[in-house]
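Note: the block below is model32.cif and it holds mmCIF, C-alpha atoms.
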```
data_data
#
loop_
_atom_site.group_PDB
_atom_site.id
_atom_site.type_symbol
_atom_site.label_atom_id
_atom_site.label_comp_id
_atom_site.auth_asym_id
_atom_site.auth_seq_id
_atom_site.Cartn_x
_atom_site.Cartn_y
_atom_site.Cartn_z
ATOM 1 C CA VAL R 1 -39.312 37.177 -27.361
ATOM 2 C CA LEU R 2 -39.323 34.401 -24.772
ATOM 3 C CA VAL R 3 -42.671 33.412 -23.240
ATOM 4 C CA ALA R 4 -43.324 30.951 -20.420
ATOM 5 C CA VAL R 5 -46.525 28.887 -20.504
ATOM 6 C CA GLU R 6 -48.132 27.449 -17.403
ATOM 7 C CA PRO R 7 -51.522 26.100 -16.279
ATOM 8 C CA GLU R 8 -54.128 28.534 -14.980
ATOM 9 C CA ASP R 9 -54.366 26.411 -11.839
ATOM 10 C CA ALA R 10 -50.663 26.852 -11.086
ATOM 11 C CA ALA R 11 -49.697 30.144 -12.704
ATOM 12 C CA CYS R 12 -46.851 30.899 -10.334
ATOM 13 C CA VAL R 13 -44.337 32.268 -12.842
ATOM 14 C CA GLY R 14 -46.686 34.978 -14.095
ATOM 15 C CA ALA R 15 -47.551 35.862 -10.504
ATOM 16 C CA SER R 16 -43.850 36.047 -9.655
ATOM 17 C CA LEU R 17 -43.085 38.261 -12.660
ATOM 18 C CA ARG R 18 -45.868 40.620 -11.579
ATOM 19 C CA ALA R 19 -44.688 40.663 -7.974
ATOM 20 C CA GLY R 20 -40.959 40.889 -8.720
ATOM 21 C CA HIS R 21 -40.181 38.001 -6.388
ATOM 22 C CA LEU R 22 -40.977 34.321 -5.986
ATOM 23 C CA VAL R 23 -44.680 33.719 -5.429
ATOM 24 C CA SER R 24 -46.501 30.461 -4.726
ATOM 25 C CA THR R 25 -50.046 30.040 -5.991
ATOM 26 C CA PRO R 26 -52.453 28.397 -3.577
ATOM 27 C CA GLY R 27 -53.798 24.941 -4.342
ATOM 28 C CA PRO R 28 -55.514 22.758 -5.111
ATOM 29 C CA HIS R 29 -53.652 22.491 -8.398
ATOM 30 C CA GLY R 30 -56.018 20.276 -10.351
ATOM 31 C CA THR R 31 -54.971 20.987 -13.914
ATOM 32 C CA SER R 32 -54.986 18.317 -16.596
ATOM 33 C CA ILE R 33 -51.655 19.743 -17.759
ATOM 34 C CA VAL R 34 -50.012 17.497 -15.221
ATOM 35 C CA GLY R 35 -46.388 17.962 -16.245
ATOM 36 C CA LEU R 36 -46.611 21.663 -15.418
ATOM 37 C CA ASN R 37 -48.667 21.225 -12.277
ATOM 38 C CA CYS R 38 -46.434 23.062 -9.835
ATOM 39 C CA GLY R 39 -47.455 26.027 -7.706
ATOM 40 C CA THR R 40 -44.001 27.429 -6.934
ATOM 41 C CA PRO R 41 -41.265 28.377 -9.420
ATOM 42 C CA SER R 42 -37.845 26.806 -9.005
ATOM 43 C CA LYS R 43 -35.749 28.911 -6.634
ATOM 44 C CA VAL R 44 -32.664 28.020 -8.666
ATOM 45 C CA ALA R 45 -34.325 29.009 -11.942
ATOM 46 C CA TRP R 46 -35.935 32.202 -10.663
ATOM 47 C CA PRO R 47 -33.011 34.612 -11.342
ATOM 48 C CA ILE R 48 -32.858 33.309 -14.913
ATOM 49 C CA LEU R 49 -36.619 33.583 -15.357
ATOM 50 C CA ALA R 50 -36.720 37.055 -13.797
ATOM 51 C CA ALA R 51 -34.173 38.411 -16.240
ATOM 52 C CA GLY R 52 -34.880 36.232 -19.245
ATOM 53 C CA LEU R 53 -38.626 36.040 -19.752
ATOM 54 C CA ASP R 54 -40.545 38.586 -21.751
ATOM 55 C CA ALA R 55 -43.961 37.316 -20.739
ATOM 56 C CA ALA R 56 -45.915 34.468 -19.213
ATOM 57 C CA VAL R 57 -49.185 32.945 -20.358
ATOM 58 C CA ALA R 58 -51.569 30.907 -18.210
ATOM 59 C CA ILE R 59 -53.667 28.433 -20.180
ATOM 60 C CA SER R 60 -56.560 26.132 -19.351
ATOM 61 C CA GLY R 61 -56.794 22.404 -19.982
ATOM 62 C CA ALA R 62 -59.188 23.162 -22.831
ATOM 63 C CA ASP R 63 -56.606 25.491 -24.396
ATOM 64 C CA ALA R 64 -54.060 22.680 -24.221
ATOM 65 C CA GLU R 65 -56.464 20.217 -25.831
ATOM 66 C CA ASP R 66 -57.080 22.654 -28.692
ATOM 67 C CA ALA R 67 -53.331 22.773 -29.208
ATOM 68 C CA MET R 68 -53.105 18.951 -29.030
ATOM 69 C CA ARG R 69 -55.571 18.778 -31.921
ATOM 70 C CA LEU R 70 -53.719 21.477 -33.851
ATOM 71 C CA LEU R 71 -50.423 19.647 -33.473
ATOM 72 C CA ALA R 72 -52.077 16.331 -34.384
ATOM 73 C CA THR R 73 -53.162 17.801 -37.728
ATOM 74 C CA ALA R 74 -49.479 18.586 -38.330
ATOM 75 C CA GLY R 75 -48.495 15.017 -37.416
ATOM 76 C CA VAL R 76 -47.105 15.906 -34.001
ATOM 77 C CA VAL R 77 -48.269 13.704 -31.127
ATOM 78 C CA ALA R 78 -48.267 15.836 -28.015
ATOM 79 C CA GLY R 79 -49.874 15.427 -24.620
ATOM 80 C CA ALA R 80 -51.388 18.332 -22.752
ATOM 81 C CA THR R 81 -48.043 19.320 -21.260
ATOM 82 C CA GLY R 82 -46.248 19.023 -24.573
ATOM 83 C CA ALA R 83 -48.905 21.025 -26.375
ATOM 84 C CA ALA R 84 -48.911 23.799 -23.767
ATOM 85 C CA SER R 85 -46.224 25.663 -25.679
ATOM 86 C CA ALA R 86 -48.358 25.759 -28.818
ATOM 87 C CA ALA R 87 -51.340 26.882 -26.766
ATOM 88 C CA GLY R 88 -49.239 29.681 -25.310
ATOM 89 C CA ALA R 89 -48.081 30.757 -28.753
ATOM 90 C CA GLN R 90 -51.687 30.874 -29.926
ATOM 91 C CA ALA R 91 -52.613 32.947 -26.890
ATOM 92 C CA VAL R 92 -49.888 35.508 -27.504
ATOM 93 C CA LEU R 93 -50.428 35.743 -31.247
ATOM 94 C CA SER R 94 -54.189 36.186 -30.885
ATOM 95 C CA ASP R 95 -53.855 39.003 -28.327
ATOM 96 C CA PRO R 96 -53.278 42.357 -30.117
ATOM 97 C CA THR R 97 -52.243 44.096 -26.913
ATOM 98 C CA MET R 98 -49.728 41.386 -26.100
ATOM 99 C CA ARG R 99 -48.369 41.476 -29.625
ATOM 100 C CA ARG R 100 -47.899 45.230 -29.439
ATOM 101 C CA ASP R 101 -46.299 45.162 -25.992
ATOM 102 C CA LEU R 102 -43.894 42.417 -27.023
ATOM 103 C CA GLY R 103 -43.119 43.972 -30.394
ATOM 104 C CA ILE R 104 -44.202 40.902 -32.354
ATOM 105 C CA SER R 105 -44.260 41.529 -36.084
ATOM 106 C CA ALA R 106 -47.129 40.723 -38.433
ATOM 107 C CA ASP R 107 -45.240 37.744 -39.835
ATOM 108 C CA PRO R 108 -43.270 36.280 -36.940
ATOM 109 C CA THR R 109 -41.216 33.098 -36.805
ATOM 110 C CA VAL R 110 -42.463 31.057 -33.853
ATOM 111 C CA VAL R 111 -40.580 28.225 -32.153
ATOM 112 C CA VAL R 112 -42.444 26.004 -29.698
ATOM 113 C CA LEU R 113 -40.783 23.262 -27.687
ATOM 114 C CA VAL R 114 -42.889 20.103 -27.454
ATOM 115 C CA THR R 115 -41.391 17.929 -24.752
ATOM 116 C CA GLU R 116 -44.125 15.373 -24.115
ATOM 117 C CA GLY R 117 -45.834 12.811 -26.310
ATOM 118 C CA ALA R 118 -49.033 10.898 -25.560
ATOM 119 C CA THR R 119 -48.006 9.907 -22.040
ATOM 120 C CA ASP R 120 -51.685 9.488 -21.140
ATOM 121 C CA PRO R 121 -52.983 7.556 -24.170
ATOM 122 C CA ASP R 122 -56.620 7.625 -23.033
ATOM 123 C CA HIS R 123 -56.603 11.403 -22.542
ATOM 124 C CA TYR R 124 -54.784 11.897 -25.821
ATOM 125 C CA ALA R 125 -57.266 9.786 -27.769
ATOM 126 C CA ALA R 126 -60.245 11.510 -26.183
ATOM 127 C CA ALA R 127 -58.816 14.976 -26.761
ATOM 128 C CA VAL R 128 -57.861 14.432 -30.369
ATOM 129 C CA ARG R 129 -61.243 12.828 -31.173
ATOM 130 C CA SER R 130 -63.154 15.717 -29.646
ATOM 131 C CA PRO R 131 -64.247 18.594 -31.855
ATOM 132 C CA SER R 132 -62.280 21.781 -31.327
ATOM 133 C CA ARG R 133 -63.998 24.603 -29.471
ATOM 134 C CA THR R 134 -63.770 26.610 -32.663
ATOM 135 C CA ASP R 135 -65.746 23.882 -34.444
ATOM 136 C CA GLU R 136 -68.310 23.824 -31.637
ATOM 137 C CA ARG R 137 -68.805 27.548 -31.983
ATOM 138 C CA GLY R 138 -69.455 26.983 -35.684
ATOM 139 C CA MET Z 1 -56.320 32.528 -20.355
ATOM 140 C CA THR Z 2 -54.149 35.122 -18.634
ATOM 141 C CA THR Z 3 -51.218 36.876 -20.203
ATOM 142 C CA THR Z 4 -48.525 38.728 -18.279
ATOM 143 C CA VAL Z 5 -45.909 40.932 -19.877
ATOM 144 C CA ALA Z 6 -42.787 40.879 -17.729
ATOM 145 C CA HIS Z 7 -41.921 44.451 -16.766
ATOM 146 C CA ASN Z 8 -38.470 43.310 -15.762
ATOM 147 C CA SER Z 9 -36.173 45.526 -17.803
ATOM 148 C CA ILE Z 10 -34.198 46.744 -14.792
ATOM 149 C CA ALA Z 11 -33.730 43.182 -13.472
ATOM 150 C CA ARG Z 12 -32.596 42.241 -16.950
ATOM 151 C CA ALA Z 13 -30.083 45.102 -16.964
ATOM 152 C CA VAL Z 14 -28.659 44.060 -13.603
ATOM 153 C CA LEU Z 15 -28.257 40.405 -14.540
ATOM 154 C CA ALA Z 16 -26.617 41.479 -17.800
ATOM 155 C CA TYR Z 17 -24.155 43.575 -15.785
ATOM 156 C CA TYR Z 18 -22.820 40.468 -14.018
ATOM 157 C CA ALA Z 19 -22.470 38.580 -17.294
ATOM 158 C CA HIS Z 20 -20.556 41.472 -18.868
ATOM 159 C CA ILE Z 21 -18.244 42.028 -15.912
ATOM 160 C CA ASP Z 22 -17.453 38.309 -15.681
ATOM 161 C CA ARG Z 23 -16.342 38.472 -19.317
ATOM 162 C CA GLY Z 24 -14.098 41.405 -18.471
ATOM 163 C CA ASP Z 25 -16.113 43.793 -20.632
ATOM 164 C CA VAL Z 26 -16.170 46.834 -18.360
ATOM 165 C CA ASP Z 27 -17.605 49.179 -20.968
ATOM 166 C CA ALA Z 28 -20.571 46.879 -21.629
ATOM 167 C CA ALA Z 29 -21.077 46.336 -17.898
ATOM 168 C CA LEU Z 30 -21.266 50.056 -17.228
ATOM 169 C CA THR Z 31 -23.756 50.892 -19.968
ATOM 170 C CA CYS Z 32 -26.586 50.636 -17.429
ATOM 171 C CA PHE Z 33 -25.037 53.269 -15.116
ATOM 172 C CA ALA Z 34 -26.155 56.886 -15.297
ATOM 173 C CA VAL Z 35 -23.449 59.504 -15.840
ATOM 174 C CA ASP Z 36 -23.935 60.725 -12.267
ATOM 175 C CA ALA Z 37 -24.336 57.277 -10.688
ATOM 176 C CA ILE Z 38 -22.888 56.624 -7.249
ATOM 177 C CA TYR Z 39 -21.394 53.285 -6.252
ATOM 178 C CA HIS Z 40 -21.024 52.368 -2.578
ATOM 179 C CA ARG Z 41 -18.599 49.496 -2.019
ATOM 180 C CA PRO Z 42 -17.253 48.382 1.372
ATOM 181 C CA GLY Z 43 -13.722 49.597 2.035
ATOM 182 C CA TYR Z 44 -13.834 52.542 -0.332
ATOM 183 C CA GLU Z 45 -15.141 56.056 -0.364
ATOM 184 C CA PRO Z 46 -18.216 56.190 -2.618
ATOM 185 C CA PHE Z 47 -17.381 56.324 -6.309
ATOM 186 C CA SER Z 48 -19.254 59.299 -7.667
ATOM 187 C CA GLY Z 49 -19.896 59.530 -11.389
ATOM 188 C CA ILE Z 50 -19.387 57.076 -14.203
ATOM 189 C CA ALA Z 51 -15.765 58.125 -14.728
ATOM 190 C CA ALA Z 52 -14.857 57.288 -11.124
ATOM 191 C CA ILE Z 53 -16.720 53.979 -11.299
ATOM 192 C CA ARG Z 54 -15.015 53.074 -14.548
ATOM 193 C CA ALA Z 55 -11.597 53.988 -13.107
ATOM 194 C CA TYR Z 56 -12.281 51.713 -10.150
ATOM 195 C CA TYR Z 57 -12.966 48.758 -12.408
ATOM 196 C CA LEU Z 58 -9.983 49.395 -14.643
ATOM 197 C CA ASP Z 59 -7.378 50.434 -12.079
ATOM 198 C CA THR Z 60 -8.357 49.562 -8.515
ATOM 199 C CA ARG Z 61 -10.594 46.490 -8.437
ATOM 200 C CA VAL Z 62 -8.952 43.605 -6.548
ATOM 201 C CA ILE Z 63 -10.713 40.986 -8.651
ATOM 202 C CA GLY Z 64 -8.841 39.723 -11.670
ATOM 203 C CA THR Z 65 -11.081 37.011 -13.052
ATOM 204 C CA GLY Z 66 -14.039 35.009 -11.815
ATOM 205 C CA ALA Z 67 -17.743 34.479 -11.998
ATOM 206 C CA HIS Z 68 -20.799 35.663 -10.130
ATOM 207 C CA ARG Z 69 -23.580 33.233 -9.309
ATOM 208 C CA ILE Z 70 -26.943 34.809 -8.658
ATOM 209 C CA HIS Z 71 -28.950 32.979 -6.014
ATOM 210 C CA ASP Z 72 -31.902 35.317 -5.678
ATOM 211 C CA VAL Z 73 -33.303 38.477 -7.207
ATOM 212 C CA VAL Z 74 -36.147 40.750 -6.141
ATOM 213 C CA TYR Z 75 -37.303 43.761 -8.098
ATOM 214 C CA ASN Z 76 -39.910 46.458 -8.292
ATOM 215 C CA ASP Z 77 -40.298 49.430 -10.625
ATOM 216 C CA THR Z 78 -37.218 51.295 -9.414
ATOM 217 C CA MET Z 79 -35.000 48.869 -7.516
ATOM 218 C CA VAL Z 80 -33.357 45.479 -7.879
ATOM 219 C CA ALA Z 81 -31.904 43.470 -5.000
ATOM 220 C CA VAL Z 82 -29.579 40.570 -5.692
ATOM 221 C CA ARG Z 83 -28.000 37.937 -3.459
ATOM 222 C CA GLY Z 84 -25.179 35.892 -4.861
ATOM 223 C CA SER Z 85 -21.672 34.560 -4.561
ATOM 224 C CA PHE Z 86 -18.447 35.242 -6.367
ATOM 225 C CA CYS Z 87 -15.610 32.805 -6.997
ATOM 226 C CA GLY Z 88 -12.433 33.755 -8.808
ATOM 227 C CA GLU Z 89 -8.924 35.103 -8.450
ATOM 228 C CA SER Z 90 -7.400 38.420 -7.524
ATOM 229 C CA ARG Z 91 -5.175 40.269 -9.953
ATOM 230 C CA SER Z 92 -2.207 38.796 -8.074
ATOM 231 C CA GLY Z 93 -3.560 35.258 -8.400
ATOM 232 C CA GLU Z 94 -4.994 34.776 -4.920
ATOM 233 C CA PRO Z 95 -8.214 32.730 -4.756
ATOM 234 C CA LEU Z 96 -11.327 34.723 -3.912
ATOM 235 C CA ALA Z 97 -14.682 33.417 -2.708
ATOM 236 C CA VAL Z 98 -17.267 35.683 -1.158
ATOM 237 C CA GLY Z 99 -20.990 36.031 -0.747
ATOM 238 C CA PHE Z 100 -22.513 39.350 -1.651
ATOM 239 C CA SER Z 101 -25.688 41.312 -1.894
ATOM 240 C CA ASP Z 102 -26.270 44.196 -4.251
ATOM 241 C CA PHE Z 103 -28.948 46.857 -4.127
ATOM 242 C CA TRP Z 104 -29.466 48.721 -7.377
ATOM 243 C CA GLU Z 105 -31.532 51.899 -7.527
ATOM 244 C CA PHE Z 106 -32.731 53.094 -10.923
ATOM 245 C CA ALA Z 107 -33.767 56.483 -12.269
ATOM 246 C CA GLY Z 108 -35.704 55.519 -15.345
ATOM 247 C CA ASP Z 109 -33.754 52.747 -17.006
ATOM 248 C CA MET Z 110 -30.346 53.828 -15.688
ATOM 249 C CA VAL Z 111 -28.638 52.913 -12.416
ATOM 250 C CA SER Z 112 -28.460 55.890 -10.101
ATOM 251 C CA VAL Z 113 -27.111 54.221 -6.954
ATOM 252 C CA ARG Z 114 -25.562 50.819 -6.319
ATOM 253 C CA ARG Z 115 -24.740 49.513 -2.862
ATOM 254 C CA THR Z 116 -22.714 46.317 -2.502
ATOM 255 C CA PHE Z 117 -22.271 44.280 0.687
ATOM 256 C CA PHE Z 118 -20.050 41.246 1.354
ATOM 257 C CA ASP Z 119 -20.311 38.457 3.885
ATOM 258 C CA ALA Z 120 -16.584 38.411 4.582
ATOM 259 C CA PRO Z 121 -15.544 39.669 8.039
ATOM 260 C CA ALA Z 122 -14.337 43.245 7.867
ATOM 261 C CA VAL Z 123 -14.693 44.629 11.392
#
```
Would you give me this structure, written as C-alpha cells?
Amino acid sequence: VLVAVEPEDAACVGASLRAGHLVSTPGPHGTSIVGLNCGTPSKVAWPILAAGLDAAVAISGADAEDAMRLLATAGVVAGATGAASAAGAQAVLSDPTMRRDLGISADPTVVVLVTEGATDPDHYAAAVRSPSRTDERG
Amino acid sequence: MTTTVAHNSIARAVLAYYAHIDRGDVDAALTCFAVDAIYHRPGYEPFSGIAAIRAYYLDTRVIGTGAHRIHDVVYNDTMVAVRGSFCGESRSGEPLAVGFSDFWEFAGDMVSVRRTFFDAPAV
C-alpha cells in the first residue's frame, strides 16, 4: 500500500486522484508544512502517481506537530515536512474504513520516509516542547 | 484530516500494460483485455477478440523493441486516456519514434475497446 501525504491547505494529489486528472487547489496555501506547500501536482509525476498510489491523506499543521513529537520520542529529529509521512501513517492506521478499503492487516509493517530535519529550529523547538493534543485532551 | 482512497485500478492496469509490452511480455500485457475485446489501430482492420489481438502482437506488430513514455493520463470509472511517445526499433532494425494517444474503454475491470492514434502523417 502506497499512500501520499500532503497538507490540507494544498491537497492537490488527493483532489487529482478523485477527479482522475490533474487538479490545482486554490490558494492561499498557508500551511506550516512548508516543504509540501504546493497546490498543483507535478505534471511529469502525475502518470506515476495516478497508477501507483493507493491513497492520499491530507493533514493539518497540528497533525504534523503531533508526529514531530512522536518521532522525537524515538530519537528522530524531523521538521513538519519530514514528519508528515508519520502523520499520514497515523491517519491511515487510525481510520477503520481506510484500513478496510486498503486491506491493511491488524499487524502491518509501516515504512515512513522522513526527508527533513529541524530546518526551522524555532518551530521545531516550540513544537516538540508543546504538549501533544492527546495530552491536552487528557 | 482528509483521506482519499485512489479508485484508480483501471489506470493502474493500463500503465502496467505499457510496462509489460515494453518488456516483451505479451501474455502479461494482454491480461487486462476481455476475451471479446476490440482493438482499433490505424492502418489495420479492427482486431476483434483476444486471439486476434494476441496474434497481432506476436506476428504482425512492426515494433521490435522500445519503450513507451507516458506524458499524461486521465481516467474516470470506465475509461482511461493516455498521451505518450514511443521510441524504439522495428523488427527489421529501423528506428521508430512516434507520439501516440490511447483510449481504453473498460467493462468492469477488463478492457473492452482500445483505440490508438499516432501523430505520424498517414494521409
Legend entry - Atomic separation - CA of Leu17 in chain R relative to CA of Ala11 in chain Z, Å: 10.6 Å
Legend entry - Residue IDs satisfying the PyMOL selection byres ((chain Z) within 8 of (chain R)), as a PyMOL selection string: chain Z and resi 1-9+11-13+15+70-76
Write a file of the selected residues as a short mmCIF file (atom, residue, chain, number, x, y, z; two decimals), keeping the file's coordinate frame, keeping C-alpha atoms.
```
data_model
loop_
_atom_site.label_atom_id
_atom_site.label_comp_id
_atom_site.auth_asym_id
_atom_site.auth_seq_id
_atom_site.Cartn_x
_atom_site.Cartn_y
_atom_site.Cartn_z
CA MET Z 1 -56.32 32.53 -20.36
CA THR Z 2 -54.15 35.12 -18.63
CA THR Z 3 -51.22 36.88 -20.20
CA THR Z 4 -48.52 38.73 -18.28
CA VAL Z 5 -45.91 40.93 -19.88
CA ALA Z 6 -42.79 40.88 -17.73
CA HIS Z 7 -41.92 44.45 -16.77
CA ASN Z 8 -38.47 43.31 -15.76
CA SER Z 9 -36.17 45.53 -17.80
CA ALA Z 11 -33.73 43.18 -13.47
CA ARG Z 12 -32.60 42.24 -16.95
CA ALA Z 13 -30.08 45.10 -16.96
CA LEU Z 15 -28.26 40.40 -14.54
CA ILE Z 70 -26.94 34.81 -8.66
CA HIS Z 71 -28.95 32.98 -6.01
CA ASP Z 72 -31.90 35.32 -5.68
CA VAL Z 73 -33.30 38.48 -7.21
CA VAL Z 74 -36.15 40.75 -6.14
CA TYR Z 75 -37.30 43.76 -8.10
CA ASN Z 76 -39.91 46.46 -8.29
#
```
Inset, instruction - Would you list the contacts of Asp122 in chain R as JSON, numbers by chain, taking every protein, DNA or RNA residue within 12 Å and counting all atoms listed in the file, but skipping same-chain residues closer than 5 positions in sequence? - result: {"R": [79, 80, 127, 128, 129]}
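Across the model, the gap from CA of Gly93 in chain Z to CA of Thr116 in chain Z is 22.9 Å.
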Can you list, as an mmCIF file with C-alpha atoms, keeping the file's coordinate frame, every protein, DNA or RNA residue that comes within 9 Å of Val76 in chain R when you count only C-alpha atoms, leaving out same-chain residues fewer than 4 positions away?
```cif
data_model
loop_
_atom_site.group_PDB
_atom_site.id
_atom_site.type_symbol
_atom_site.label_atom_id
_atom_site.label_comp_id
_atom_site.auth_asym_id
_atom_site.auth_seq_id
_atom_site.Cartn_x
_atom_site.Cartn_y
_atom_site.Cartn_z
ATOM 1 C CA MET R 68 -53.105 18.951 -29.030
ATOM 2 C CA LEU R 70 -53.719 21.477 -33.851
ATOM 3 C CA LEU R 71 -50.423 19.647 -33.473
ATOM 4 C CA ALA R 72 -52.077 16.331 -34.384
ATOM 5 C CA VAL R 114 -42.889 20.103 -27.454
ATOM 6 C CA GLY R 117 -45.834 12.811 -26.310
#
```
Target residues per the PyMOL selection byres ((chain Z and resi 47-63) around 8), formatted as a PDB file with C-alpha atoms, in the frame of the given file:
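See expr-v4.pdb below for the written result:
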```pdb
ATOM      1  CA  VAL Z  26     -16.170  46.834 -18.360  1.00  0.00           C
ATOM      2  CA  ASP Z  27     -17.605  49.179 -20.968  1.00  0.00           C
ATOM      3  CA  LEU Z  30     -21.266  50.056 -17.228  1.00  0.00           C
ATOM      4  CA  PHE Z  33     -25.037  53.269 -15.116  1.00  0.00           C
ATOM      5  CA  ALA Z  34     -26.155  56.886 -15.297  1.00  0.00           C
ATOM      6  CA  VAL Z  35     -23.449  59.504 -15.840  1.00  0.00           C
ATOM      7  CA  ASP Z  36     -23.935  60.725 -12.267  1.00  0.00           C
ATOM      8  CA  ALA Z  37     -24.336  57.277 -10.688  1.00  0.00           C
ATOM      9  CA  ILE Z  38     -22.888  56.624  -7.249  1.00  0.00           C
ATOM     10  CA  TYR Z  39     -21.394  53.285  -6.252  1.00  0.00           C
ATOM     11  CA  HIS Z  40     -21.024  52.368  -2.578  1.00  0.00           C
ATOM     12  CA  TYR Z  44     -13.834  52.542  -0.332  1.00  0.00           C
ATOM     13  CA  GLU Z  45     -15.141  56.056  -0.364  1.00  0.00           C
ATOM     14  CA  PRO Z  46     -18.216  56.190  -2.618  1.00  0.00           C
ATOM     15  CA  GLY Z  64      -8.841  39.723 -11.670  1.00  0.00           C
ATOM     16  CA  THR Z  65     -11.081  37.011 -13.052  1.00  0.00           C
ATOM     17  CA  GLY Z  66     -14.039  35.009 -11.815  1.00  0.00           C
ATOM     18  CA  GLY Z  88     -12.433  33.755  -8.808  1.00  0.00           C
ATOM     19  CA  GLU Z  89      -8.924  35.103  -8.450  1.00  0.00           C
ATOM     20  CA  SER Z  90      -7.400  38.420  -7.524  1.00  0.00           C
ATOM     21  CA  ARG Z  91      -5.175  40.269  -9.953  1.00  0.00           C
ATOM     22  CA  LEU Z  96     -11.327  34.723  -3.912  1.00  0.00           C
TER      23      LEU Z  96
END
```
Inset, instruction - Using the chain letters and numbering of this document, enumerate as a ChimeraX atom specification the residues selected by the PyMOL selection byres ((chain Z and resi 104) around 8). - result: /Z:14,79-81,102-103,105-106,111-115
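With CA of Ala125 in chain R on one side and CA of Leu36 in chain R on the other, the separation reads 20.2 Å.
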As JSON: centre and edge lengths in Å, one decimal, of the axis-aligned box holding range 7-11 of chain R with 5 Å per side:
```
{"center_x": -52.0, "center_y": 28.1, "center_z": -13.7, "size_x": 14.7, "size_y": 14.0, "size_z": 15.2}
```
Legend entry - Shortest interatomic distance to Thr119 in chain R - which of R:Val34, R:Val1, R:Arg100, R:Glu65, counting only C-alpha atoms: R:Val34
Taking (-17.4, 41.2, -3.2) in the file's coordinates as the center, which residues reach within 6 Å of it, counting only C-alpha atoms, put as an mmCIF file with C-alpha atoms, keeping the file's coordinate frame?
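The resulting file, part25.cif, is shown below:
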```
data_model
loop_
_atom_site.group_PDB
_atom_site.id
_atom_site.type_symbol
_atom_site.label_atom_id
_atom_site.label_comp_id
_atom_site.auth_asym_id
_atom_site.auth_seq_id
_atom_site.Cartn_x
_atom_site.Cartn_y
_atom_site.Cartn_z
ATOM 1 C CA VAL Z 98 -17.267 35.683 -1.158
ATOM 2 C CA PHE Z 100 -22.513 39.350 -1.651
ATOM 3 C CA PHE Z 118 -20.050 41.246 1.354
#
```
